[in-house]
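Structure below is start_11.pdb: PDB, C-alpha atoms and all ligand atoms.
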ATOM      1  CA  MET A 244      11.181  -8.899   9.818
ATOM      2  CA  ASN A 245      14.130  -9.410   7.494
ATOM      3  CA  PHE A 246      13.938  -8.037   3.969
ATOM      4  CA  ALA A 247      16.402  -9.139   1.302
ATOM      5  CA  VAL A 248      16.014  -7.296  -1.988
ATOM      6  CA  LEU A 249      17.461  -8.725  -5.194
ATOM      7  CA  THR A 250      18.107  -6.014  -7.752
ATOM      8  CA  ILE A 251      20.602  -4.754 -10.308
ATOM      9  CA  PHE A 252      20.180  -1.241  -8.793
ATOM     10  CA  PRO A 253      20.897  -1.616  -5.065
ATOM     11  CA  GLU A 254      21.705   2.109  -4.693
ATOM     12  CA  MET A 255      18.028   2.895  -5.265
ATOM     13  CA  PHE A 256      17.322   1.580  -1.772
ATOM     14  CA  ASP A 257      19.888   3.686   0.111
ATOM     15  CA  LEU A 258      17.609   6.725   0.388
ATOM     16  CA  PHE A 259      14.539   4.659   1.120
ATOM     17  CA  TRP A 260      16.225   2.959   4.057
ATOM     18  CA  SER A 261      17.672   6.144   5.508
ATOM     19  CA  HIS A 262      14.486   8.129   6.142
ATOM     20  CA  GLY A 263      11.516   8.308   8.443
ATOM     21  CA  ILE A 264       9.749   5.373   9.983
ATOM     22  CA  VAL A 265      11.642   2.809   7.912
ATOM     23  CA  ARG A 266      14.952   4.195   9.148
ATOM     24  CA  ARG A 267      13.701   4.176  12.737
ATOM     25  CA  ALA A 268      12.506   0.576  12.349
ATOM     26  CA  ILE A 269      15.998  -0.427  11.209
ATOM     27  CA  GLU A 270      17.643   1.456  14.095
ATOM     28  CA  LYS A 271      15.281  -0.209  16.562
ATOM     29  CA  LYS A 272      16.048  -3.559  14.919
ATOM     30  CA  ARG A 273      12.335  -4.140  14.176
ATOM     31  CA  ILE A 274      13.418  -4.822  10.597
ATOM     32  CA  SER A 275      16.668  -5.632   8.913
ATOM     33  CA  ALA A 276      17.149  -4.853   5.271
ATOM     34  CA  HIS A 277      19.849  -5.591   2.752
ATOM     35  CA  THR A 278      20.219  -5.762  -0.984
ATOM     36  CA  VAL A 279      21.755  -8.481  -3.100
ATOM     37  CA  ASN A 280      23.201  -7.193  -6.351
ATOM     38  CA  ILE A 281      22.158  -9.649  -9.042
ATOM     39  CA  ARG A 282      25.072  -8.405 -11.157
ATOM     40  CA  ASP A 283      27.488  -9.888  -8.601
ATOM     41  CA  PHE A 284      26.250 -13.281  -9.767
ATOM     42  CA  ALA A 285      26.867 -12.635 -13.453
ATOM     43  CA  MET A 286      29.508 -15.008 -14.721
ATOM     44  CA  ASP A 287      30.542 -13.609 -18.071
ATOM     45  CA  ARG A 288      33.261 -11.086 -18.778
ATOM     46  CA  HIS A 289      30.777  -8.240 -19.219
ATOM     47  CA  LYS A 290      28.803  -9.088 -16.092
ATOM     48  CA  SER A 291      25.621  -9.054 -18.155
ATOM     49  CA  THR A 292      22.240  -9.395 -16.465
ATOM     50  CA  ASP A 293      20.041  -9.361 -19.554
ATOM     51  CA  ASP A 294      19.555 -11.788 -22.417
ATOM     52  CA  ARG A 295      17.534 -12.121 -25.641
ATOM     53  CA  PRO A 296      14.165 -13.906 -25.596
ATOM     54  CA  PHE A 297      13.870 -17.232 -27.420
ATOM     55  CA  GLY A 298      11.410 -16.828 -30.252
ATOM     56  CA  GLY A 299      12.634 -13.329 -30.965
ATOM     57  CA  GLY A 300      10.817 -10.073 -30.490
ATOM     58  CA  CYS A 301      11.859  -6.797 -29.016
ATOM     59  CA  GLY A 302      13.101  -6.308 -25.501
ATOM     60  CA  MET A 303      15.339  -8.319 -23.260
ATOM     61  CA  LEU A 304      14.788 -10.617 -20.298
ATOM     62  CA  MET A 305      16.655 -10.971 -17.037
ATOM     63  CA  LYS A 306      19.506 -13.384 -17.675
ATOM     64  CA  THR A 307      18.592 -16.703 -16.081
ATOM     65  CA  GLU A 308      21.727 -17.960 -14.313
ATOM     66  CA  PRO A 309      22.627 -14.788 -12.373
ATOM     67  CA  MET A 310      18.997 -14.424 -11.256
ATOM     68  CA  ALA A 311      18.851 -18.037 -10.105
ATOM     69  CA  ALA A 312      22.211 -17.816  -8.330
ATOM     70  CA  ALA A 313      21.211 -14.594  -6.545
ATOM     71  CA  ILE A 314      17.922 -16.097  -5.326
ATOM     72  CA  ARG A 315      19.654 -19.275  -4.165
ATOM     73  CA  SER A 316      22.276 -17.260  -2.320
ATOM     74  CA  ALA A 317      19.577 -15.246  -0.516
ATOM     75  CA  LYS A 318      17.710 -18.445   0.356
ATOM     76  CA  ILE A 319      20.819 -20.046   1.792
ATOM     77  CA  ARG A 320      21.313 -16.996   3.968
ATOM     78  CA  ASN A 321      17.719 -17.245   5.147
ATOM     79  CA  PRO A 322      16.241 -20.700   4.501
ATOM     80  CA  ALA A 323      12.832 -19.876   6.010
ATOM     81  CA  SER A 324      12.266 -16.967   3.603
ATOM     82  CA  GLN A 325       9.306 -16.534   1.317
ATOM     83  CA  THR A 326      10.492 -15.464  -2.124
ATOM     84  CA  ILE A 327       8.308 -12.867  -3.837
ATOM     85  CA  LEU A 328       8.587 -11.636  -7.426
ATOM     86  CA  LEU A 329       7.221  -8.172  -8.182
ATOM     87  CA  THR A 330       5.295  -8.411 -11.439
ATOM     88  CA  PRO A 331       2.045  -7.075 -12.934
ATOM     89  CA  GLN A 332       0.956 -10.726 -13.132
ATOM     90  CA  GLY A 333       0.955 -11.145  -9.371
ATOM     91  CA  ARG A 334      -1.760 -10.872  -6.753
ATOM     92  CA  ARG A 335      -2.779  -7.268  -6.298
ATOM     93  CA  PHE A 336      -1.126  -5.733  -3.246
ATOM     94  CA  ASP A 337      -3.520  -4.224  -0.721
ATOM     95  CA  GLN A 338      -3.744  -3.591   3.013
ATOM     96  CA  ASN A 339      -4.929  -7.134   3.714
ATOM     97  CA  LEU A 340      -1.903  -8.541   1.919
ATOM     98  CA  ALA A 341       0.302  -6.089   3.852
ATOM     99  CA  TYR A 342      -1.095  -7.534   7.091
ATOM    100  CA  ALA A 343      -0.468 -11.072   5.862
ATOM    101  CA  LEU A 344       3.150 -10.262   4.957
ATOM    102  CA  ALA A 345       3.689  -8.469   8.279
ATOM    103  CA  SER A 346       3.104 -11.774  10.040
ATOM    104  CA  LEU A 347       6.070 -13.393   8.244
ATOM    105  CA  ASN A 348       9.690 -13.209   9.382
ATOM    106  CA  ASP A 349      11.780 -13.299   6.229
ATOM    107  CA  LEU A 350      10.987 -11.971   2.792
ATOM    108  CA  ILE A 351      13.104 -12.073  -0.340
ATOM    109  CA  LEU A 352      11.860  -9.477  -2.818
ATOM    110  CA  VAL A 353      12.984 -10.115  -6.377
ATOM    111  CA  CYS A 354      13.027  -7.050  -8.631
ATOM    112  CA  GLY A 355      12.989  -7.702 -12.349
ATOM    113  CA  ARG A 356      14.090  -5.240 -15.009
ATOM    114  CA  TYR A 357      13.653  -5.304 -18.790
ATOM    115  CA  GLU A 358      10.638  -7.224 -20.131
ATOM    116  CA  GLY A 359      10.596  -9.804 -17.382
ATOM    117  CA  VAL A 360      11.946 -13.023 -15.949
ATOM    118  CA  ASP A 361      12.396 -16.473 -17.503
ATOM    119  CA  GLU A 362       9.320 -18.580 -16.743
ATOM    120  CA  ARG A 363      11.418 -21.349 -15.188
ATOM    121  CA  ILE A 364      12.676 -18.959 -12.510
ATOM    122  CA  CYS A 365       9.067 -18.127 -11.620
ATOM    123  CA  ASP A 366       8.119 -21.804 -11.562
ATOM    124  CA  THR A 367      10.981 -23.128  -9.474
ATOM    125  CA  LEU A 368      12.389 -20.340  -7.300
ATOM    126  CA  ILE A 369       9.479 -17.969  -6.605
ATOM    127  CA  ASP A 370       6.894 -18.688  -3.880
ATOM    128  CA  PHE A 371       4.431 -16.037  -4.942
ATOM    129  CA  GLU A 372       4.017 -13.055  -7.221
ATOM    130  CA  ILE A 373       2.736  -9.644  -6.178
ATOM    131  CA  SER A 374       1.629  -6.692  -8.321
ATOM    132  CA  ILE A 375       1.237  -3.198  -6.897
ATOM    133  CA  GLY A 376      -1.254  -2.264  -9.621
ATOM    134  CA  ASP A 377      -2.302  -2.602 -13.225
ATOM    135  CA  TYR A 378       0.412  -0.596 -14.932
ATOM    136  CA  VAL A 379       3.848  -1.387 -16.296
ATOM    137  CA  LEU A 380       6.936  -0.023 -14.576
ATOM    138  CA  THR A 381      10.571  -0.202 -15.645
ATOM    139  CA  GLY A 382      11.550  -2.363 -12.684
ATOM    140  CA  GLY A 383      10.379  -4.058  -9.503
ATOM    141  CA  GLU A 384      12.365  -1.726  -7.220
ATOM    142  CA  LEU A 385       9.565   0.769  -6.530
ATOM    143  CA  PRO A 386       7.046  -2.031  -5.895
ATOM    144  CA  ALA A 387       9.536  -3.621  -3.452
ATOM    145  CA  MET A 388       9.848  -0.308  -1.594
ATOM    146  CA  ILE A 389       6.086   0.108  -1.485
ATOM    147  CA  ILE A 390       5.644  -3.337   0.006
ATOM    148  CA  MET A 391       8.413  -2.856   2.589
ATOM    149  CA  ASP A 392       6.974   0.544   3.488
ATOM    150  CA  ALA A 393       3.422  -0.722   3.989
ATOM    151  CA  VAL A 394       4.582  -3.802   5.909
ATOM    152  CA  THR A 395       7.084  -2.003   8.152
ATOM    153  CA  ARG A 396       4.545   0.426   9.571
ATOM    154  CA  LEU A 397       2.331  -2.491  10.619
ATOM    155  CA  LEU A 398       5.027  -4.085  12.774
ATOM    156  CA  PRO A 399       4.811  -3.485  16.537
ATOM    157  CA  ASP A 400       6.632  -0.377  17.860
ATOM    158  CA  THR A 401       7.441   1.117  14.448
ATOM    159  CA  LEU A 402       5.026   4.054  14.417
ATOM    160  CA  GLY A 403       5.693   6.945  16.774
ATOM    161  CA  GLY A 404       3.441   7.747  19.759
ATOM    162  CA  ALA A 405       0.451   9.501  18.235
ATOM    163  CA  GLU A 406       0.418   7.535  15.003
ATOM    164  CA  SER A 407      -1.379   4.231  14.957
ATOM    165  CA  ALA A 408      -1.750   1.545  12.353
ATOM    166  CA  GLU A 409      -5.253   0.454  13.377
ATOM    167  CA  LYS A 410      -6.901   3.765  12.667
ATOM    168  CA  ASP A 411      -5.563   4.242   9.182
ATOM    169  CA  SER A 412      -7.397   4.016   5.904
ATOM    170  CA  PHE A 413      -8.402   0.569   4.683
ATOM    171  CA  SER A 414      -7.764  -1.201   7.999
ATOM    172  CA  ASP A 415     -11.545  -1.459   8.302
ATOM    173  CA  THR A 416     -12.235  -0.328   4.745
ATOM    174  CA  LEU A 417     -13.579   3.121   5.617
ATOM    175  CA  LEU A 418     -11.509   6.105   4.536
ATOM    176  CA  GLU A 419     -10.010   8.339   7.192
ATOM    177  CA  HIS A 420     -12.116  11.209   8.523
ATOM    178  CA  ALA A 421     -11.066  14.755   7.612
ATOM    179  CA  HIS A 422      -8.101  16.118   9.601
ATOM    180  CA  TYR A 423      -7.385  19.641  10.800
ATOM    181  CA  THR A 424      -4.416  21.211  12.542
ATOM    182  CA  ARG A 425      -3.532  24.786  13.488
ATOM    183  CA  PRO A 426      -4.432  27.538  12.762
ATOM    184  CA  ARG A 427      -8.124  27.520  13.732
ATOM    185  CA  SER A 428      -8.883  29.710  10.773
ATOM    186  CA  PHE A 429      -6.834  29.238   7.617
ATOM    187  CA  GLU A 430      -7.473  31.537   4.662
ATOM    188  CA  GLU A 431     -10.950  32.217   5.998
ATOM    189  CA  ILE A 432     -11.867  28.550   6.354
ATOM    190  CA  ASP A 433     -12.576  27.516   9.949
ATOM    191  CA  VAL A 434     -11.940  24.184  11.624
ATOM    192  CA  PRO A 435     -15.307  22.493  12.356
ATOM    193  CA  GLU A 436     -16.502  23.764  15.724
ATOM    194  CA  VAL A 437     -17.063  20.323  17.247
ATOM    195  CA  LEU A 438     -13.334  19.492  17.017
ATOM    196  CA  LEU A 439     -12.591  22.430  19.328
ATOM    197  CA  SER A 440     -15.333  21.510  21.791
ATOM    198  CA  GLY A 441     -13.400  19.006  23.877
ATOM    199  CA  ASN A 442     -16.509  16.792  23.779
ATOM    200  CA  HIS A 443     -14.954  13.479  22.830
ATOM    201  CA  ARG A 444     -18.215  11.649  22.244
ATOM    202  CA  ALA A 445     -19.307  14.372  19.847
ATOM    203  CA  ILE A 446     -15.883  14.350  18.184
ATOM    204  CA  ASP A 447     -15.972  10.571  17.681
ATOM    205  CA  LYS A 448     -19.451  10.840  16.206
ATOM    206  CA  TRP A 449     -18.358  13.640  13.853
ATOM    207  CA  ARG A 450     -15.318  11.634  12.757
ATOM    208  CA  LEU A 451     -17.375   8.529  12.036
ATOM    209  CA  GLU A 452     -19.802  10.585   9.968
ATOM    210  CA  SER A 453     -16.872  12.248   8.169
ATOM    211  CA  SER A 454     -15.366   8.827   7.397
ATOM    212  CA  LEU A 455     -18.662   7.528   6.071
ATOM    213  CA  ILE A 456     -19.414  10.503   3.842
ATOM    214  CA  ARG A 457     -15.879  10.566   2.431
ATOM    215  CA  THR A 458     -16.002   6.863   1.693
ATOM    216  CA  PHE A 459     -19.456   7.209   0.130
ATOM    217  CA  LEU A 460     -18.342  10.095  -2.099
ATOM    218  CA  LYS A 461     -14.790   9.024  -2.962
ATOM    219  CA  ARG A 462     -14.772   5.218  -2.741
ATOM    220  CA  PRO A 463     -18.320   3.810  -2.798
ATOM    221  CA  ASP A 464     -16.790   0.444  -3.717
ATOM    222  CA  LEU A 465     -15.247   0.247  -0.235
ATOM    223  CA  LEU A 466     -18.550   1.048   1.435
ATOM    224  CA  GLU A 467     -20.298  -1.710  -0.500
ATOM    225  CA  LYS A 468     -17.712  -4.245   0.658
ATOM    226  CA  LYS A 469     -17.682  -3.206   4.303
ATOM    227  CA  ARG A 470     -19.744  -4.879   7.014
ATOM    228  CA  LEU A 471     -21.465  -1.868   8.541
ATOM    229  CA  ASP A 472     -22.408  -1.862  12.208
ATOM    230  CA  SER A 473     -25.774  -0.581  13.445
ATOM    231  CA  GLY A 474     -24.393   2.874  14.300
ATOM    232  CA  GLU A 475     -23.040   3.274  10.784
ATOM    233  CA  ILE A 476     -26.290   2.082   9.249
ATOM    234  CA  ASP A 477     -28.206   4.589  11.397
ATOM    235  CA  ILE A 478     -26.063   7.406   9.987
ATOM    236  CA  LEU A 479     -26.711   6.235   6.397
ATOM    237  CA  LYS A 480     -30.447   5.994   7.122
ATOM    238  CA  LYS A 481     -30.425   9.522   8.509
ATOM    239  CA  TRP A 482     -28.881  10.746   5.238
ATOM    240  CA  CYS A 483     -31.578   8.894   3.281
ATOM    241  CA  LEU A 484     -34.272  10.637   5.299
ATOM    242  CA  ASP A 485     -32.568  14.006   4.871
ATOM    243  CA  ILE A 486     -32.309  13.515   1.119
ATOM    244  CA  GLU A 487     -35.937  12.369   0.863
ATOM    245  CA  LYS A 488     -36.966  15.467   2.782
ATOM    246  CA  ILE A 489     -35.113  17.668   0.296
ATOM    247  CA  ILE A 490     -36.742  15.893  -2.641
ATOM    248  CA  ARG A 491     -40.224  16.146  -1.088
ATOM    249  CA  SER A 492     -39.727  19.849  -0.422
ATOM    250  CA  GLN A 493     -39.184  20.304  -4.150
ATOM    251  CA  SER A 494     -42.852  19.566  -4.910
ATOM    252  CA  LEU A 495     -43.811  22.309  -2.461
ATOM    253  CA  HIS A 496     -41.873  24.723  -4.662
ATOM    254  CA  GLY A 497     -44.302  23.841  -7.437
ATOM    255  CA  THR A 498     -41.694  22.235  -9.676
ATOM    256  CA  ASP A 499     -42.592  19.260 -11.834
ATOM    257  CA  ALA A 500     -39.265  17.532 -11.174
ATOM    258  CA  LEU A 501     -41.093  14.580  -9.609
ATOM    259  CA  SER A 502     -43.578  14.088 -12.420
ATOM    260  CA  GLY A 503     -40.905  12.482 -14.550
ATOM    261  CA  SER A 504     -41.396  14.799 -17.513
TER     262      SER A 504
HETATM  263  C1  LIG A 601       5.210  -4.256 -11.455
HETATM  264  C2  LIG A 601       3.940  -3.879 -11.013
HETATM  265  C3  LIG A 601       5.832  -3.940 -12.737
HETATM  266  C4  LIG A 601       7.172  -5.194 -15.343
HETATM  267  C5  LIG A 601       9.179  -4.770 -13.936
HETATM  268  C6  LIG A 601       8.036  -5.112 -16.566
HETATM  269  C7  LIG A 601       9.992  -4.701 -15.237
HETATM  270  C8  LIG A 601       7.769  -4.381 -14.218
HETATM  271  N1  LIG A 601       5.754  -4.978 -10.488
HETATM  272  N2  LIG A 601       3.773  -4.382  -9.812
HETATM  273  N3  LIG A 601       9.391  -5.531 -16.257
HETATM  274  N4  LIG A 601       3.014  -3.153 -11.665
HETATM  275  N5  LIG A 601       7.006  -4.598 -12.996
HETATM  276  O1  LIG A 601       5.325  -3.165 -13.509
HETATM  277  O2  LIG A 601       4.875  -5.054  -9.485
END
Conversion result in structure tokens:
Amino acid sequence: MNFAVLTIFPEMFDLFWSHGIVRRAIEKKRISAHTVNIRDFAMDRHKSTDDRPFGGGCGMLMKTEPMAAAIRSAKIRNPASQTILLTPQGRRFDQNLAYALASLNDLILVCGRYEGVDERICDTLIDFEISIGDYVLTGGELPAMIIMDAVTRLLPDTLGGAESAEKDSFSDTLLEHAHYTRPRSFEEIDVPEVLLSGNHRAIDKWRLESSLIRTFLKRPDLLEKKRLDSGEIDILKKWCLDIEKIIRSQSLHGTDALSGS
């Protein structure tokens, strides 16, 4: 995967590219990454990259010609690239979109600053628009890093031994099960016994149940969307029965909670 990032702040990417799994992916040549400084394509004496909006109003826009020249230069370098603009107006980035992007070879990520980009740039030079969420940032640089980060870890041979992309949150739209590491007892809270048992069937079952309950409590929207298999449905049914039992036992306590009053 080749990433080209168009930005007026290329230094922002130096730290991102020099740490952790992204750094390793570059060293292993699983990805290549470079920035194009849009300011290098500014033609006026002041090397300006912003300009006033027609029609007036506050705020500035990215100056059109340097932006266009920078995109064209990146495309010439990599003609098969998809060109993506980071903008709140784009398709919402999620794990499925990360998978889709991971199957491509060349991405040009265009980072806007100021209020935005001239519409004609979007219409003629951008293949698609991506948003990382419904909020307004000061630039597309952080969204570009987020996308490169999520995509890089999905590429073959980028995660280290124990880590695995398949098992992570959202891959199958259940949240991760709870995790524990040493010590066995931390500030008087013990690791669940089953995880120390060495019984891998029991551990798998506990982890599935942990995933389901966490998803149910924290992200019920994900559970609604997921296609549950029969084992998962059995676990949910068991909870239903357990809850019904608790409710029924209430009437034995002589409460009138069930009478509806
Ligand atoms: C986002 C976002 C964003 C919008 C860039 C205002 C500067 C800014 N980009 N997902 N102009 N949310 N971009 O807020 O991607």
Could you pull the residues within 7 Å of Leu350 (chain A), counting all atoms listed in the file, minus those fewer than 3 positions along the same chain, as a list in words?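 Listed by chain and then number, they are Asn245, Phe246, Ala247, Ser324, Gln325 and Thr326 of chain A.
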Could the residues in this selection be written to a file with C-alpha atoms, as an mmCIF file, in the coordinates of the input?
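Result file follows (selection16.cif):
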data_model
loop_
_atom_site.group_PDB
_atom_site.id
_atom_site.type_symbol
_atom_site.label_atom_id
_atom_site.label_comp_id
_atom_site.auth_asym_id
_atom_site.auth_seq_id
_atom_site.Cartn_x
_atom_site.Cartn_y
_atom_site.Cartn_z
ATOM 1 C CA ASN A 245 14.130 -9.410 7.494
ATOM 2 C CA PHE A 246 13.938 -8.037 3.969
ATOM 3 C CA ALA A 247 16.402 -9.139 1.302
ATOM 4 C CA SER A 324 12.266 -16.967 3.603
ATOM 5 C CA GLN A 325 9.306 -16.534 1.317
ATOM 6 C CA THR A 326 10.492 -15.464 -2.124
#
Quiz prompt | Expected answer as a list of chain:residue names: residues within 6 Å of ligand LIG 601 (chain A), all atoms listed in the file | solution =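 Those residues are A:Leu329, A:Thr330, A:Pro331, A:Gly355, A:Arg356, A:Tyr357, A:Glu358, A:Gly359, A:Ser374, A:Ile375, A:Gly376, A:Asp377, A:Tyr378, A:Val379, A:Leu380, A:Thr381, A:Gly382, A:Gly383, A:Pro386.
Among the candidates A:Leu402, A:Leu418, A:Ala312, A:Leu340, the residue lying nearest to Thr458 (chain A) is A:Leu418 (atoms considered: all atoms listed in the file).
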When the PyMOL selection byres (((chain A and resi 278) around 6) and not hetatm) is applied to the structure above, which residues does it catch, written out as an NGL selection string? :A and (247-249 or 253 or 277 or 279)
Residue selection dump (C-alpha atoms) as an mmCIF file, in the coordinates of the input:
data_model
loop_
_atom_site.group_PDB
_atom_site.id
_atom_site.type_symbol
_atom_site.label_atom_id
_atom_site.label_comp_id
_atom_site.auth_asym_id
_atom_site.auth_seq_id
_atom_site.Cartn_x
_atom_site.Cartn_y
_atom_site.Cartn_z
ATOM 1 C CA ALA A 247 16.402 -9.139 1.302
ATOM 2 C CA VAL A 248 16.014 -7.296 -1.988
ATOM 3 C CA LEU A 249 17.461 -8.725 -5.194
ATOM 4 C CA PRO A 253 20.897 -1.616 -5.065
ATOM 5 C CA HIS A 277 19.849 -5.591 2.752
ATOM 6 C CA VAL A 279 21.755 -8.481 -3.100
#
- So which residues fall inside 12 Å of (-26.9, 8.7, 4.8) if we count all atoms listed in the file? Mind giving them as a list of chain:residue names? A:Leu451, A:Glu452, A:Ser453, A:Ser454, A:Leu455, A:Ile456, A:Arg457, A:Thr458, A:Phe459, A:Leu460, A:Leu466, A:Gly474, A:Glu475, A:Ile476, A:Asp477, A:Ile478, A:Leu479, A:Lys480, A:Lys481, A:Trp482, A:Cys483, A:Leu484, A:Asp485, A:Ile486, A:Glu487
| When distances are computed from only C-alpha atoms, which of A:Met391, A:Leu344, A:Ile281, A:Ala311 shows the smallest separation from Leu368 (chain A)? |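 When distances to Leu368 (chain A) are compared using only C-alpha atoms, the smallest one comes from A:Ala311.
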For region 285-296 of chain A, I'd like the enclosing box, axis-aligned and padded by 5 Å on every side, reported as AutoDock Vina command-line options with centre and edge lengths in Å to one decimal.
--center_x 23.7 --center_y -11.6 --center_z -19.5 --size_x 29.1 --size_y 16.8 --size_z 22.2
Exercise. Determine the residue membership of the PyMOL selection byres (((chain A and resi 310) around 9) and not hetatm) for the file above and supply it as a list in words.
Key: Leu249, Ile281, Arg282, Phe284, Ala285, Thr292, Met305, Lys306, Thr307, Glu308, Pro309, Ala311, Ala312, Ala313, Ile314, Arg315, Val353, Val360 and Ile364 of chain A
* Asked: For Thr424 (chain A), which residue out of A:Ile319, A:Ile446, A:Ile269, A:Leu438 is the nearest one, using all atoms listed in the file?
  ->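 Closest to Thr424 (chain A) of all the choices is A:Leu438.
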Students should find that CA of Asp257 (chain A) and CA of Thr401 (chain A) are spaced 19.2 Å
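CA of Ile432 (chain A) to CA of Lys461 (chain A) spans 21.8 Å [interatomic distance, one decimal].
Straight-line separation from CA of Asp400 (chain A) to CA of Arg267 (chain A): 9.8 Å.
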If we draw a sphere of 10 Å around (14.1, 2.8, 5.6), which residues have at least one atom in it when counting only C-alpha atoms? Please report them as a compact mmCIF listing (two decimals) with C-alpha atoms, in the frame of the given file.
# COMPACT_ATOMS: atom_id res chain seq x y z
CA PHE A 256 17.32 1.58 -1.77
CA ASP A 257 19.89 3.69 0.11
CA LEU A 258 17.61 6.72 0.39
CA PHE A 259 14.54 4.66 1.12
CA TRP A 260 16.23 2.96 4.06
CA SER A 261 17.67 6.14 5.51
CA HIS A 262 14.49 8.13 6.14
CA GLY A 263 11.52 8.31 8.44
CA ILE A 264 9.75 5.37 9.98
CA VAL A 265 11.64 2.81 7.91
CA ARG A 266 14.95 4.20 9.15
CA ARG A 267 13.70 4.18 12.74
CA ALA A 268 12.51 0.58 12.35
CA ILE A 269 16.00 -0.43 11.21
CA GLU A 270 17.64 1.46 14.10
CA ILE A 274 13.42 -4.82 10.60
CA SER A 275 16.67 -5.63 8.91
CA ALA A 276 17.15 -4.85 5.27
CA MET A 388 9.85 -0.31 -1.59
CA MET A 391 8.41 -2.86 2.59
CA ASP A 392 6.97 0.54 3.49
CA THR A 395 7.08 -2.00 8.15
